[in-house]
file run.cif (mmCIF, C-alpha atoms; chains and numbers go by the auth columns)
data_input
loop_
_atom_site.group_PDB
_atom_site.id
_atom_site.type_symbol
_atom_site.label_atom_id
_atom_site.label_comp_id
_atom_site.label_asym_id
_atom_site.label_seq_id
_atom_site.Cartn_x
_atom_site.Cartn_y
_atom_site.Cartn_z
_atom_site.B_iso_or_equiv
_atom_site.auth_seq_id
_atom_site.auth_asym_id
ATOM 1 C CA MET A 1 12.466 -43.063 -31.390 0.00 1 A
ATOM 2 C CA ARG A 2 9.421 -45.082 -30.384 0.00 2 A
ATOM 3 C CA ALA A 3 7.983 -44.770 -26.895 0.00 3 A
ATOM 4 C CA LEU A 4 9.990 -46.789 -24.398 0.00 4 A
ATOM 5 C CA THR A 5 7.953 -48.812 -21.906 0.00 5 A
ATOM 6 C CA ALA A 6 8.941 -51.008 -18.982 0.00 6 A
ATOM 7 C CA SER A 7 7.607 -54.008 -20.892 0.00 7 A
ATOM 8 C CA THR A 8 9.705 -53.382 -24.024 0.00 8 A
ATOM 9 C CA LEU A 9 12.856 -52.665 -22.021 0.00 9 A
ATOM 10 C CA LEU A 10 12.332 -55.780 -19.896 0.00 10 A
ATOM 11 C CA GLY A 11 11.833 -57.870 -23.041 0.00 11 A
ATOM 12 C CA ALA A 12 15.057 -56.546 -24.556 0.00 12 A
ATOM 13 C CA TRP A 13 16.924 -57.296 -21.317 0.00 13 A
ATOM 14 C CA GLU A 14 15.665 -60.888 -21.372 0.00 14 A
ATOM 15 C CA ARG A 15 16.710 -61.404 -25.009 0.00 15 A
ATOM 16 C CA ALA A 16 20.129 -59.851 -24.405 0.00 16 A
ATOM 17 C CA LEU A 17 21.005 -61.889 -21.305 0.00 17 A
ATOM 18 C CA SER A 18 22.596 -64.751 -23.254 0.00 18 A
ATOM 19 C CA GLN A 19 24.147 -62.590 -25.980 0.00 19 A
ATOM 20 C CA SER A 20 27.683 -61.352 -26.460 0.00 20 A
ATOM 21 C CA PRO A 21 28.266 -57.637 -25.817 0.00 21 A
ATOM 22 C CA ALA A 22 28.280 -56.871 -29.555 0.00 22 A
ATOM 23 C CA GLN A 23 25.007 -58.732 -30.114 0.00 23 A
ATOM 24 C CA ARG A 24 23.543 -57.187 -26.965 0.00 24 A
ATOM 25 C CA ALA A 25 24.209 -53.719 -28.345 0.00 25 A
ATOM 26 C CA LEU A 26 22.164 -54.531 -31.458 0.00 26 A
ATOM 27 C CA THR A 27 19.272 -55.801 -29.334 0.00 27 A
ATOM 28 C CA LEU A 28 19.286 -52.538 -27.382 0.00 28 A
ATOM 29 C CA LEU A 29 19.588 -50.482 -30.567 0.00 29 A
ATOM 30 C CA GLN A 30 16.297 -51.904 -31.787 0.00 30 A
ATOM 31 C CA LEU A 31 14.606 -50.043 -28.926 0.00 31 A
ATOM 32 C CA VAL A 32 15.665 -46.664 -30.337 0.00 32 A
ATOM 33 C CA SER A 33 15.898 -47.452 -34.051 0.00 33 A
ATOM 34 C CA ALA A 34 13.061 -49.884 -34.664 0.00 34 A
ATOM 35 C CA GLU A 35 12.514 -48.429 -38.140 0.00 35 A
ATOM 36 C CA LEU A 36 15.918 -49.681 -39.304 0.00 36 A
ATOM 37 C CA PRO A 37 16.348 -53.351 -40.316 0.00 37 A
ATOM 38 C CA PRO A 38 18.888 -55.396 -38.324 0.00 38 A
ATOM 39 C CA GLU A 39 21.453 -55.322 -41.126 0.00 39 A
ATOM 40 C CA ARG A 40 21.374 -51.503 -41.174 0.00 40 A
ATOM 41 C CA LEU A 41 21.861 -51.375 -37.414 0.00 41 A
ATOM 42 C CA ALA A 42 24.813 -53.768 -37.657 0.00 42 A
ATOM 43 C CA ALA A 43 26.371 -51.546 -40.348 0.00 43 A
ATOM 44 C CA LEU A 44 26.408 -48.442 -38.133 0.00 44 A
ATOM 45 C CA THR A 45 29.903 -47.462 -37.082 0.00 45 A
ATOM 46 C CA ILE A 46 30.684 -48.143 -33.439 0.00 46 A
ATOM 47 C CA GLY A 47 30.578 -44.412 -32.771 0.00 47 A
ATOM 48 C CA GLN A 48 27.143 -44.124 -34.377 0.00 48 A
ATOM 49 C CA ARG A 49 26.028 -47.133 -32.346 0.00 49 A
ATOM 50 C CA ASP A 50 27.278 -45.607 -29.101 0.00 50 A
ATOM 51 C CA ALA A 51 25.534 -42.315 -29.877 0.00 51 A
ATOM 52 C CA GLN A 52 22.248 -44.209 -30.197 0.00 52 A
ATOM 53 C CA LEU A 53 22.938 -46.061 -26.943 0.00 53 A
ATOM 54 C CA LEU A 54 23.415 -42.692 -25.229 0.00 54 A
ATOM 55 C CA ASN A 55 19.995 -41.658 -26.570 0.00 55 A
ATOM 56 C CA LEU A 56 18.526 -44.866 -25.131 0.00 56 A
ATOM 57 C CA ARG A 57 20.189 -44.242 -21.784 0.00 57 A
ATOM 58 C CA GLU A 58 18.745 -40.724 -21.609 0.00 58 A
ATOM 59 C CA SER A 59 15.279 -41.954 -22.557 0.00 59 A
ATOM 60 C CA ALA A 60 15.310 -44.826 -20.055 0.00 60 A
ATOM 61 C CA PHE A 61 17.075 -43.306 -17.039 0.00 61 A
ATOM 62 C CA GLY A 62 17.416 -39.559 -17.608 0.00 62 A
ATOM 63 C CA SER A 63 20.288 -37.243 -18.435 0.00 63 A
ATOM 64 C CA GLN A 64 22.232 -37.505 -15.166 0.00 64 A
ATOM 65 C CA MET A 65 24.891 -40.236 -14.975 0.00 65 A
ATOM 66 C CA THR A 66 26.906 -41.402 -11.983 0.00 66 A
ATOM 67 C CA GLY A 67 29.723 -43.835 -11.372 0.00 67 A
ATOM 68 C CA MET A 68 32.828 -44.738 -9.379 0.00 68 A
ATOM 69 C CA ALA A 69 36.511 -44.595 -10.238 0.00 69 A
ATOM 70 C CA ALA A 70 39.681 -45.453 -8.333 0.00 70 A
ATOM 71 C CA CYS A 71 42.600 -43.027 -8.411 0.00 71 A
ATOM 72 C CA PRO A 72 45.558 -44.787 -10.107 0.00 72 A
ATOM 73 C CA ALA A 73 47.995 -42.993 -7.801 0.00 73 A
ATOM 74 C CA CYS A 74 46.493 -43.439 -4.313 0.00 74 A
ATOM 75 C CA SER A 75 43.503 -45.797 -4.862 0.00 75 A
ATOM 76 C CA ARG A 76 41.008 -43.263 -3.492 0.00 76 A
ATOM 77 C CA GLN A 77 37.466 -44.111 -4.626 0.00 77 A
ATOM 78 C CA LEU A 78 35.846 -41.188 -6.413 0.00 78 A
ATOM 79 C CA GLU A 79 32.120 -40.676 -6.962 0.00 79 A
ATOM 80 C CA LEU A 80 31.465 -39.407 -10.476 0.00 80 A
ATOM 81 C CA SER A 81 28.553 -37.316 -11.669 0.00 81 A
ATOM 82 C CA PHE A 82 28.141 -36.135 -15.256 0.00 82 A
ATOM 83 C CA THR A 83 25.456 -35.701 -17.894 0.00 83 A
ATOM 84 C CA VAL A 84 24.669 -37.410 -21.167 0.00 84 A
ATOM 85 C CA SER A 85 25.306 -34.158 -23.038 0.00 85 A
ATOM 86 C CA SER A 86 28.801 -33.872 -21.541 0.00 86 A
ATOM 87 C CA VAL A 87 29.851 -37.204 -23.095 0.00 87 A
ATOM 88 C CA ARG A 88 27.939 -36.847 -26.358 0.00 88 A
ATOM 89 C CA VAL A 89 30.241 -35.991 -29.248 0.00 89 A
ATOM 90 C CA ALA A 90 28.931 -33.947 -32.169 0.00 90 A
ATOM 91 C CA PRO A 91 28.497 -36.228 -35.207 0.00 91 A
ATOM 92 C CA PRO A 92 30.644 -35.540 -38.284 0.00 92 A
ATOM 93 C CA THR A 93 29.193 -32.940 -40.628 0.00 93 A
ATOM 94 C CA ASP A 94 29.781 -35.197 -43.641 0.00 94 A
ATOM 95 C CA PRO A 95 28.466 -38.755 -44.029 0.00 95 A
ATOM 96 C CA VAL A 96 30.982 -41.305 -42.805 0.00 96 A
ATOM 97 C CA GLY A 97 32.390 -43.134 -45.824 0.00 97 A
ATOM 98 C CA PRO A 98 35.704 -44.704 -46.794 0.00 98 A
ATOM 99 C CA CYS A 99 38.687 -42.904 -45.267 0.00 99 A
ATOM 100 C CA THR A 100 42.140 -42.413 -46.755 0.00 100 A
ATOM 101 C CA LEU A 101 45.519 -42.019 -45.140 0.00 101 A
ATOM 102 C CA THR A 102 48.968 -41.413 -46.619 0.00 102 A
ATOM 103 C CA HIS A 103 51.965 -42.435 -44.555 0.00 103 A
ATOM 104 C CA ALA A 104 55.496 -42.398 -45.976 0.00 104 A
ATOM 105 C CA ASP A 105 55.273 -44.421 -49.238 0.00 105 A
ATOM 106 C CA TYR A 106 51.921 -46.008 -48.360 0.00 106 A
ATOM 107 C CA GLN A 107 48.395 -45.047 -49.330 0.00 107 A
ATOM 108 C CA VAL A 108 45.618 -46.707 -47.315 0.00 108 A
ATOM 109 C CA GLU A 109 41.868 -46.731 -47.863 0.00 109 A
ATOM 110 C CA PHE A 110 39.727 -48.098 -45.045 0.00 110 A
ATOM 111 C CA ARG A 111 36.262 -47.932 -43.507 0.00 111 A
ATOM 112 C CA LEU A 112 35.259 -47.542 -39.871 0.00 112 A
ATOM 113 C CA PRO A 113 34.517 -50.668 -37.780 0.00 113 A
ATOM 114 C CA ASN A 114 30.900 -51.664 -37.202 0.00 114 A
ATOM 115 C CA SER A 115 29.054 -54.215 -35.075 0.00 115 A
ATOM 116 C CA ASP A 116 29.491 -56.973 -37.661 0.00 116 A
ATOM 117 C CA ASP A 117 33.247 -56.488 -37.402 0.00 117 A
ATOM 118 C CA VAL A 118 33.201 -56.598 -33.604 0.00 118 A
ATOM 119 C CA THR A 119 31.011 -59.725 -33.658 0.00 119 A
ATOM 120 C CA SER A 120 33.662 -61.472 -35.769 0.00 120 A
ATOM 121 C CA LEU A 121 36.201 -61.210 -32.939 0.00 121 A
ATOM 122 C CA THR A 122 36.599 -64.263 -30.715 0.00 122 A
ATOM 123 C CA THR A 123 37.912 -65.084 -27.269 0.00 123 A
ATOM 124 C CA ASP A 124 40.105 -67.747 -28.898 0.00 124 A
ATOM 125 C CA LEU A 125 42.434 -64.981 -30.075 0.00 125 A
ATOM 126 C CA ASP A 126 44.460 -62.618 -27.911 0.00 126 A
ATOM 127 C CA LEU A 127 44.003 -58.848 -28.076 0.00 127 A
ATOM 128 C CA PRO A 128 46.699 -58.150 -30.720 0.00 128 A
ATOM 129 C CA ALA A 129 45.299 -60.902 -32.974 0.00 129 A
ATOM 130 C CA ASN A 130 41.765 -59.562 -32.658 0.00 130 A
ATOM 131 C CA GLN A 131 42.995 -56.036 -33.359 0.00 131 A
ATOM 132 C CA ARG A 132 44.727 -57.336 -36.471 0.00 132 A
ATOM 133 C CA ARG A 133 41.559 -59.143 -37.590 0.00 133 A
ATOM 134 C CA LEU A 134 39.482 -56.021 -37.070 0.00 134 A
ATOM 135 C CA LEU A 135 41.890 -53.867 -39.053 0.00 135 A
ATOM 136 C CA GLU A 136 42.092 -56.417 -41.850 0.00 136 A
ATOM 137 C CA ARG A 137 38.303 -56.480 -42.189 0.00 137 A
ATOM 138 C CA CYS A 138 38.190 -52.690 -42.470 0.00 138 A
ATOM 139 C CA LEU A 139 41.090 -52.314 -44.892 0.00 139 A
ATOM 140 C CA LEU A 140 39.795 -51.608 -48.403 0.00 140 A
ATOM 141 C CA ASN A 141 42.944 -50.824 -50.331 0.00 141 A
ATOM 142 C CA LEU A 142 46.661 -50.761 -49.558 0.00 142 A
ATOM 143 C CA ARG A 143 49.232 -49.394 -51.971 0.00 143 A
ATOM 144 C CA ARG A 144 52.912 -48.558 -51.797 0.00 144 A
ATOM 145 C CA ASN A 145 54.044 -45.967 -54.324 0.00 145 A
ATOM 146 C CA GLY A 146 50.820 -46.645 -56.189 0.00 146 A
ATOM 147 C CA VAL A 147 51.303 -50.425 -56.374 0.00 147 A
ATOM 148 C CA ALA A 148 48.871 -52.722 -54.556 0.00 148 A
ATOM 149 C CA VAL A 149 50.465 -54.702 -51.707 0.00 149 A
ATOM 150 C CA PRO A 150 48.993 -57.369 -49.389 0.00 150 A
ATOM 151 C CA PHE A 151 47.807 -56.573 -45.883 0.00 151 A
ATOM 152 C CA ASP A 152 50.700 -58.548 -44.374 0.00 152 A
ATOM 153 C CA GLU A 153 53.062 -55.838 -45.596 0.00 153 A
ATOM 154 C CA LEU A 154 51.301 -53.115 -43.594 0.00 154 A
ATOM 155 C CA PRO A 155 54.016 -51.707 -41.267 0.00 155 A
ATOM 156 C CA ALA A 156 53.310 -51.622 -37.528 0.00 156 A
ATOM 157 C CA GLU A 157 53.515 -47.823 -37.382 0.00 157 A
ATOM 158 C CA LEU A 158 50.962 -47.562 -40.187 0.00 158 A
ATOM 159 C CA ARG A 159 48.568 -49.884 -38.338 0.00 159 A
ATOM 160 C CA ILE A 160 48.802 -47.554 -35.361 0.00 160 A
ATOM 161 C CA ALA A 161 48.213 -44.538 -37.606 0.00 161 A
ATOM 162 C CA VAL A 162 45.118 -46.137 -39.138 0.00 162 A
ATOM 163 C CA SER A 163 43.740 -47.071 -35.710 0.00 163 A
ATOM 164 C CA ASP A 164 44.319 -43.515 -34.478 0.00 164 A
ATOM 165 C CA ARG A 165 42.554 -42.084 -37.541 0.00 165 A
ATOM 166 C CA MET A 166 39.609 -44.432 -36.963 0.00 166 A
ATOM 167 C CA ALA A 167 39.235 -43.188 -33.376 0.00 167 A
ATOM 168 C CA GLU A 168 39.595 -39.572 -34.499 0.00 168 A
ATOM 169 C CA THR A 169 36.973 -39.924 -37.244 0.00 169 A
ATOM 170 C CA ASP A 170 34.498 -41.984 -35.224 0.00 170 A
ATOM 171 C CA SER A 171 35.082 -39.917 -32.095 0.00 171 A
ATOM 172 C CA GLN A 172 32.078 -41.133 -30.054 0.00 172 A
ATOM 173 C CA VAL A 173 33.974 -44.414 -29.687 0.00 173 A
ATOM 174 C CA ASP A 174 36.728 -42.930 -27.535 0.00 174 A
ATOM 175 C CA VAL A 175 35.005 -40.905 -24.804 0.00 175 A
ATOM 176 C CA GLN A 176 37.340 -40.027 -21.937 0.00 176 A
ATOM 177 C CA LEU A 177 36.324 -38.572 -18.574 0.00 177 A
ATOM 178 C CA SER A 178 38.792 -36.019 -17.201 0.00 178 A
ATOM 179 C CA LEU A 179 39.264 -36.836 -13.499 0.00 179 A
ATOM 180 C CA ALA A 180 41.237 -35.356 -10.618 0.00 180 A
ATOM 181 C CA CYS A 181 41.813 -36.924 -7.207 0.00 181 A
ATOM 182 C CA PRO A 182 40.904 -34.576 -4.315 0.00 182 A
ATOM 183 C CA ASP A 183 43.375 -36.333 -2.002 0.00 183 A
ATOM 184 C CA CYS A 184 46.620 -36.529 -3.983 0.00 184 A
ATOM 185 C CA GLY A 185 45.822 -34.202 -6.886 0.00 185 A
ATOM 186 C CA HIS A 186 46.557 -36.830 -9.549 0.00 186 A
ATOM 187 C CA ARG A 187 44.823 -36.175 -12.871 0.00 187 A
ATOM 188 C CA TRP A 188 43.982 -38.801 -15.462 0.00 188 A
ATOM 189 C CA LEU A 189 41.580 -39.754 -18.247 0.00 189 A
ATOM 190 C CA ALA A 190 39.142 -42.620 -17.689 0.00 190 A
ATOM 191 C CA PRO A 191 37.413 -44.235 -20.688 0.00 191 A
ATOM 192 C CA LEU A 192 33.617 -44.489 -20.721 0.00 192 A
ATOM 193 C CA ASP A 193 32.244 -47.693 -22.256 0.00 193 A
ATOM 194 C CA ILE A 194 28.608 -46.703 -22.737 0.00 194 A
ATOM 195 C CA LEU A 195 27.533 -50.243 -23.698 0.00 195 A
ATOM 196 C CA SER A 196 28.903 -51.752 -20.481 0.00 196 A
ATOM 197 C CA TYR A 197 27.625 -48.820 -18.408 0.00 197 A
ATOM 198 C CA LEU A 198 24.110 -48.986 -19.869 0.00 198 A
ATOM 199 C CA TRP A 199 23.868 -52.767 -19.649 0.00 199 A
ATOM 200 C CA THR A 200 24.811 -52.685 -15.958 0.00 200 A
ATOM 201 C CA GLU A 201 22.065 -50.130 -15.345 0.00 201 A
ATOM 202 C CA ILE A 202 19.478 -52.118 -17.300 0.00 202 A
ATOM 203 C CA HIS A 203 20.402 -55.383 -15.569 0.00 203 A
ATOM 204 C CA THR A 204 20.137 -53.768 -12.119 0.00 204 A
ATOM 205 C CA TRP A 205 16.818 -52.149 -13.036 0.00 205 A
ATOM 206 C CA ALA A 206 15.386 -55.392 -14.467 0.00 206 A
ATOM 207 C CA THR A 207 16.288 -57.576 -11.492 0.00 207 A
ATOM 208 C CA ARG A 208 14.805 -54.997 -9.102 0.00 208 A
ATOM 209 C CA LEU A 209 11.655 -54.757 -11.234 0.00 209 A
ATOM 210 C CA LEU A 210 11.203 -58.526 -11.247 0.00 210 A
ATOM 211 C CA ARG A 211 11.424 -58.575 -7.444 0.00 211 A
ATOM 212 C CA ASP A 212 8.766 -55.859 -7.273 0.00 212 A
ATOM 213 C CA ILE A 213 6.552 -57.773 -9.716 0.00 213 A
ATOM 214 C CA HIS A 214 6.891 -60.879 -7.552 0.00 214 A
ATOM 215 C CA THR A 215 5.968 -58.900 -4.432 0.00 215 A
ATOM 216 C CA LEU A 216 2.903 -57.287 -6.025 0.00 216 A
ATOM 217 C CA ALA A 217 1.738 -60.491 -7.706 0.00 217 A
ATOM 218 C CA SER A 218 2.059 -62.426 -4.452 0.00 218 A
ATOM 219 C CA ALA A 219 0.128 -59.783 -2.508 0.00 219 A
ATOM 220 C CA TYR A 220 -2.647 -58.952 -4.971 0.00 220 A
ATOM 221 C CA GLY A 221 -2.716 -61.793 -7.489 0.00 221 A
ATOM 222 C CA TRP A 222 -2.140 -59.421 -10.405 0.00 222 A
ATOM 223 C CA ARG A 223 -0.681 -60.527 -13.730 0.00 223 A
ATOM 224 C CA GLU A 224 2.753 -59.308 -14.802 0.00 224 A
ATOM 225 C CA ALA A 225 1.240 -57.305 -17.667 0.00 225 A
ATOM 226 C CA ASP A 226 -1.103 -55.508 -15.252 0.00 226 A
ATOM 227 C CA ILE A 227 1.778 -54.633 -12.934 0.00 227 A
ATOM 228 C CA LEU A 228 3.956 -53.364 -15.787 0.00 228 A
ATOM 229 C CA ALA A 229 1.078 -51.146 -16.895 0.00 229 A
ATOM 230 C CA LEU A 230 1.147 -49.313 -13.554 0.00 230 A
ATOM 231 C CA SER A 231 3.024 -46.030 -13.325 0.00 231 A
ATOM 232 C CA PRO A 232 6.208 -46.147 -11.213 0.00 232 A
ATOM 233 C CA TRP A 233 4.536 -43.948 -8.596 0.00 233 A
ATOM 234 C CA ARG A 234 1.526 -46.245 -8.194 0.00 234 A
ATOM 235 C CA SER A 235 3.741 -49.325 -8.082 0.00 235 A
ATOM 236 C CA GLN A 236 5.836 -47.750 -5.352 0.00 236 A
ATOM 237 C CA ALA A 237 2.727 -46.749 -3.400 0.00 237 A
ATOM 238 C CA TYR A 238 1.425 -50.337 -3.438 0.00 238 A
ATOM 239 C CA LEU A 239 4.852 -51.693 -2.438 0.00 239 A
ATOM 240 C CA GLU A 240 5.001 -49.301 0.504 0.00 240 A
ATOM 241 C CA MET A 241 1.541 -50.434 1.649 0.00 241 A
ATOM 242 C CA ILE A 242 2.612 -54.069 1.471 0.00 242 A
ATOM 243 C CA ASN A 243 5.672 -53.331 3.623 0.00 243 A
ATOM 244 C CA ARG A 244 3.764 -51.493 6.343 0.00 244 A
#
call {"tool": "encode", "arguments": {"input": "run.cif", "output": "structure tokens"}}
result
Amino acid sequence: MRALTASTLLGAWERALSQSPAQRALTLLQLVSAELPPERLAALTIGQRDAQLLNLRESAFGSQMTGMAACPACSRQLELSFTVSSVRVAPPTDPVGPCTLTHADYQVEFRLPNSDDVTSLTTDLDLPANQRRLLERCLLNLRRNGVAVPFDELPAELRIAVSDRMAETDSQVDVQLSLACPDCGHRWLAPLDILSYLWTEIHTWATRLLRDIHTLASAYGWREADILALSPWRSQAYLEMINR
């Protein structure tokens, strides 16, 4: 992974502002996988993508992660604290290729979803329709008793089985935090969407940085590039002197 600087992260934030979440993920991936062409990044499975986003998060903000969650039973707000390593899933020992599944009389061959597949989904369709589109894109072969059949004949229970196998195989996709409420004792699993989590952190960091740049530029007449070249400690020292 190339060295991450405030300037490169700020540039990626600016480019990603107007992008969809799926496109935004690819923009962020370029920060940690610059050696891979865009088409290779888009072909990574969503689990592989999320693993790289976890690496970016650790490089940019450290290994400690925090958050908030509301108890589903009593609405108590919980403060969460966990580490990157605790939500990082070990990658599969074998390269991820086409997967097969046999269910009743059906034999299914499919691949795991990637960013290109997610980008194809639209807000014009409801969730079930988008799920169907995603599955159809990833379906490579469908047979019943050895005879090829069209996707429309895929039974509902087999669609669920394929989706479950996808999540099981590409396990970084489905990270769940095990939580317990200290007030009522309720226990539940809360999903972690690393893309949404990381983007919120980057957006908060970028807007705060721009305010600091404005303050320093107004006080000293420095260029943005000069301010970004300062270490965080020196920037903070100058800001504290301005506020005295």
call {"tool": "closest_residue", "arguments": {"input": "run.cif", "among": "A:Trp222, A:Tyr197, A:Trp233, A:Tyr238", "to": "Arg57 of chain A", "atoms": "all atoms listed in the file"}}
result
A:Tyr197
call {"tool": "residues_around", "arguments": {"input": "run.cif", "residues": "segment 125-142 of chain A", "least_positions_apart": "3", "cutoff": "8 Å", "atoms": "all atoms listed in the file", "output": "VMD selection string"}}
result
chain A and resid 106 to 113 117 to 118 121 to 122 148 to 151 154 159 163
call {"tool": "atom_distance", "arguments": {"input": "run.cif", "atom1": "atom CA of Ala206 of chain A", "atom2": "atom CA of Ala60 of chain A"}}
result
12.0 Å
call {"tool": "resolve_selection", "arguments": {"input": "run.cif", "expression": "the PyMOL selection byres ((chain A and resi 8-24) around 10)", "output": "PDB file with C-alpha atoms, keeping the file's coordinate frame"}}
result
ATOM      1  CA  ALA A   3       7.983 -44.770 -26.895  1.00  0.00           C
ATOM      2  CA  LEU A   4       9.990 -46.789 -24.398  1.00  0.00           C
ATOM      3  CA  THR A   5       7.953 -48.812 -21.906  1.00  0.00           C
ATOM      4  CA  ALA A   6       8.941 -51.008 -18.982  1.00  0.00           C
ATOM      5  CA  SER A   7       7.607 -54.008 -20.892  1.00  0.00           C
ATOM      6  CA  ALA A  25      24.209 -53.719 -28.345  1.00  0.00           C
ATOM      7  CA  LEU A  26      22.164 -54.531 -31.458  1.00  0.00           C
ATOM      8  CA  THR A  27      19.272 -55.801 -29.334  1.00  0.00           C
ATOM      9  CA  LEU A  28      19.286 -52.538 -27.382  1.00  0.00           C
ATOM     10  CA  LEU A  29      19.588 -50.482 -30.567  1.00  0.00           C
ATOM     11  CA  GLN A  30      16.297 -51.904 -31.787  1.00  0.00           C
ATOM     12  CA  LEU A  31      14.606 -50.043 -28.926  1.00  0.00           C
ATOM     13  CA  ALA A  42      24.813 -53.768 -37.657  1.00  0.00           C
ATOM     14  CA  ILE A  46      30.684 -48.143 -33.439  1.00  0.00           C
ATOM     15  CA  ALA A  60      15.310 -44.826 -20.055  1.00  0.00           C
ATOM     16  CA  ASN A 114      30.900 -51.664 -37.202  1.00  0.00           C
ATOM     17  CA  SER A 115      29.054 -54.215 -35.075  1.00  0.00           C
ATOM     18  CA  ASP A 116      29.491 -56.973 -37.661  1.00  0.00           C
ATOM     19  CA  ASP A 117      33.247 -56.488 -37.402  1.00  0.00           C
ATOM     20  CA  VAL A 118      33.201 -56.598 -33.604  1.00  0.00           C
ATOM     21  CA  THR A 119      31.011 -59.725 -33.658  1.00  0.00           C
ATOM     22  CA  SER A 120      33.662 -61.472 -35.769  1.00  0.00           C
ATOM     23  CA  LEU A 121      36.201 -61.210 -32.939  1.00  0.00           C
ATOM     24  CA  LEU A 195      27.533 -50.243 -23.698  1.00  0.00           C
ATOM     25  CA  SER A 196      28.903 -51.752 -20.481  1.00  0.00           C
ATOM     26  CA  TRP A 199      23.868 -52.767 -19.649  1.00  0.00           C
ATOM     27  CA  ILE A 202      19.478 -52.118 -17.300  1.00  0.00           C
ATOM     28  CA  HIS A 203      20.402 -55.383 -15.569  1.00  0.00           C
ATOM     29  CA  TRP A 205      16.818 -52.149 -13.036  1.00  0.00           C
ATOM     30  CA  ALA A 206      15.386 -55.392 -14.467  1.00  0.00           C
ATOM     31  CA  THR A 207      16.288 -57.576 -11.492  1.00  0.00           C
ATOM     32  CA  LEU A 209      11.655 -54.757 -11.234  1.00  0.00           C
ATOM     33  CA  LEU A 210      11.203 -58.526 -11.247  1.00  0.00           C
ATOM     34  CA  LEU A 228       3.956 -53.364 -15.787  1.00  0.00           C
TER      35      LEU A 228
END
call {"tool": "closest_residue", "arguments": {"input": "run.cif", "among": "A:Cys99, A:Cys181, A:Leu53, A:Ile227", "to": "Ala167 of chain A", "atoms": "all atoms listed in the file"}}
result
A:Cys99
call {"tool": "closest_residue", "arguments": {"input": "run.cif", "among": "A:Pro232, A:Gly67, A:Pro72, A:Pro182", "to": "Glu201 of chain A", "atoms": "all atoms listed in the file"}}
result
A:Gly67
call {"tool": "resolve_selection", "arguments": {"input": "run.cif", "expression": "the PyMOL selection byres ((chain A and resi 80) around 9)", "output": "ChimeraX atom specification"}}
result
/A:65-69,78-79,81-82,179
call {"tool": "residues_around", "arguments": {"input": "run.cif", "residues": "Val173 of chain A", "least_positions_apart": "6", "cutoff": "12 Å", "atoms": "all atoms listed in the file", "output": "short mmCIF file (atom, residue, chain, number, x, y, z; two decimals) with C-alpha atoms, in the frame of the given file"}}
result
data_model
loop_
_atom_site.label_atom_id
_atom_site.label_comp_id
_atom_site.auth_asym_id
_atom_site.auth_seq_id
_atom_site.Cartn_x
_atom_site.Cartn_y
_atom_site.Cartn_z
CA THR A 45 29.90 -47.46 -37.08
CA ILE A 46 30.68 -48.14 -33.44
CA GLY A 47 30.58 -44.41 -32.77
CA GLN A 48 27.14 -44.12 -34.38
CA ARG A 49 26.03 -47.13 -32.35
CA ASP A 50 27.28 -45.61 -29.10
CA ALA A 51 25.53 -42.32 -29.88
CA GLN A 52 22.25 -44.21 -30.20
CA LEU A 53 22.94 -46.06 -26.94
CA LEU A 54 23.42 -42.69 -25.23
CA VAL A 87 29.85 -37.20 -23.10
CA ARG A 88 27.94 -36.85 -26.36
CA VAL A 89 30.24 -35.99 -29.25
CA ALA A 90 28.93 -33.95 -32.17
CA PRO A 91 28.50 -36.23 -35.21
CA LEU A 112 35.26 -47.54 -39.87
CA PRO A 113 34.52 -50.67 -37.78
CA ASN A 114 30.90 -51.66 -37.20
CA SER A 163 43.74 -47.07 -35.71
CA ASP A 164 44.32 -43.52 -34.48
CA ARG A 165 42.55 -42.08 -37.54
CA MET A 166 39.61 -44.43 -36.96
CA ALA A 167 39.24 -43.19 -33.38
CA PRO A 191 37.41 -44.24 -20.69
CA LEU A 192 33.62 -44.49 -20.72
CA ASP A 193 32.24 -47.69 -22.26
CA ILE A 194 28.61 -46.70 -22.74
CA LEU A 195 27.53 -50.24 -23.70
#
call {"tool": "closest_residue", "arguments": {"input": "run.cif", "among": "A:Ile160, A:Ala73, A:Leu230, A:Ala104", "to": "His186 of chain A", "atoms": "all atoms listed in the file"}}
result
A:Ala73
call {"tool": "atom_distance", "arguments": {"input": "run.cif", "atom1": "atom CA of Arg208 of chain A", "atom2": "atom CA of Ser59 of chain A"}}
result
18.7 Å
call {"tool": "resolve_selection", "arguments": {"input": "run.cif", "expression": "the PyMOL selection byres ((chain A and resi 215) around 12)", "output": "list in words"}}
result
Arg208, Leu209, Leu210, Arg211, Asp212, Ile213, His214, Leu216, Ala217, Ser218, Ala219, Tyr220, Gly221, Trp222, Arg223, Glu224, Ile227, Ser235, Gln236, Tyr238, Leu239, Glu240, Met241, Ile242 and Asn243 of chain A
call {"tool": "closest_residue", "arguments": {"input": "run.cif", "among": "A:Arg244, A:His103, A:Arg234, A:Arg76", "to": "Ala180 of chain A", "atoms": "all atoms listed in the file"}}
result
A:Arg76
call {"tool": "closest_residue", "arguments": {"input": "run.cif", "among": "A:Gln64, A:Ser33, A:Ser75, A:Asn55", "to": "Asp183 of chain A", "atoms": "all atoms listed in the file"}}
result
A:Ser75
call {"tool": "atom_distance", "arguments": {"input": "run.cif", "atom1": "atom CA of Trp188 of chain A", "atom2": "atom CA of Leu158 of chain A"}}
result
27.1 Å
call {"tool": "axis_aligned_box", "arguments": {"input": "run.cif", "around": "segment 231-234 of chain A", "padding_each_side": "8 Å", "output": "JSON"}}
result
{"center_x": 3.9, "center_y": -45.1, "center_z": -10.8, "size_x": 20.7, "size_y": 18.3, "size_z": 21.1}
call {"tool": "decode", "arguments": {"input": "run.cif", "residues": "segment 214-221 of chain A", "atoms": "C-alpha atoms", "output": "mmCIF file, in the first residue's frame"}}
result
data_model
loop_
_atom_site.group_PDB
_atom_site.id
_atom_site.type_symbol
_atom_site.label_atom_id
_atom_site.label_comp_id
_atom_site.auth_asym_id
_atom_site.auth_seq_id
_atom_site.Cartn_x
_atom_site.Cartn_y
_atom_site.Cartn_z
ATOM 1 C CA HIS A 214 -9.199 28.153 6.287
ATOM 2 C CA THR A 215 -8.182 29.278 9.780
ATOM 3 C CA LEU A 216 -4.448 28.882 9.121
ATOM 4 C CA ALA A 217 -4.605 30.439 5.657
ATOM 5 C CA SER A 218 -6.542 33.426 6.985
ATOM 6 C CA ALA A 219 -4.084 33.946 9.845
ATOM 7 C CA TYR A 220 -0.772 33.362 8.072
ATOM 8 C CA GLY A 221 -1.496 33.636 4.355
#
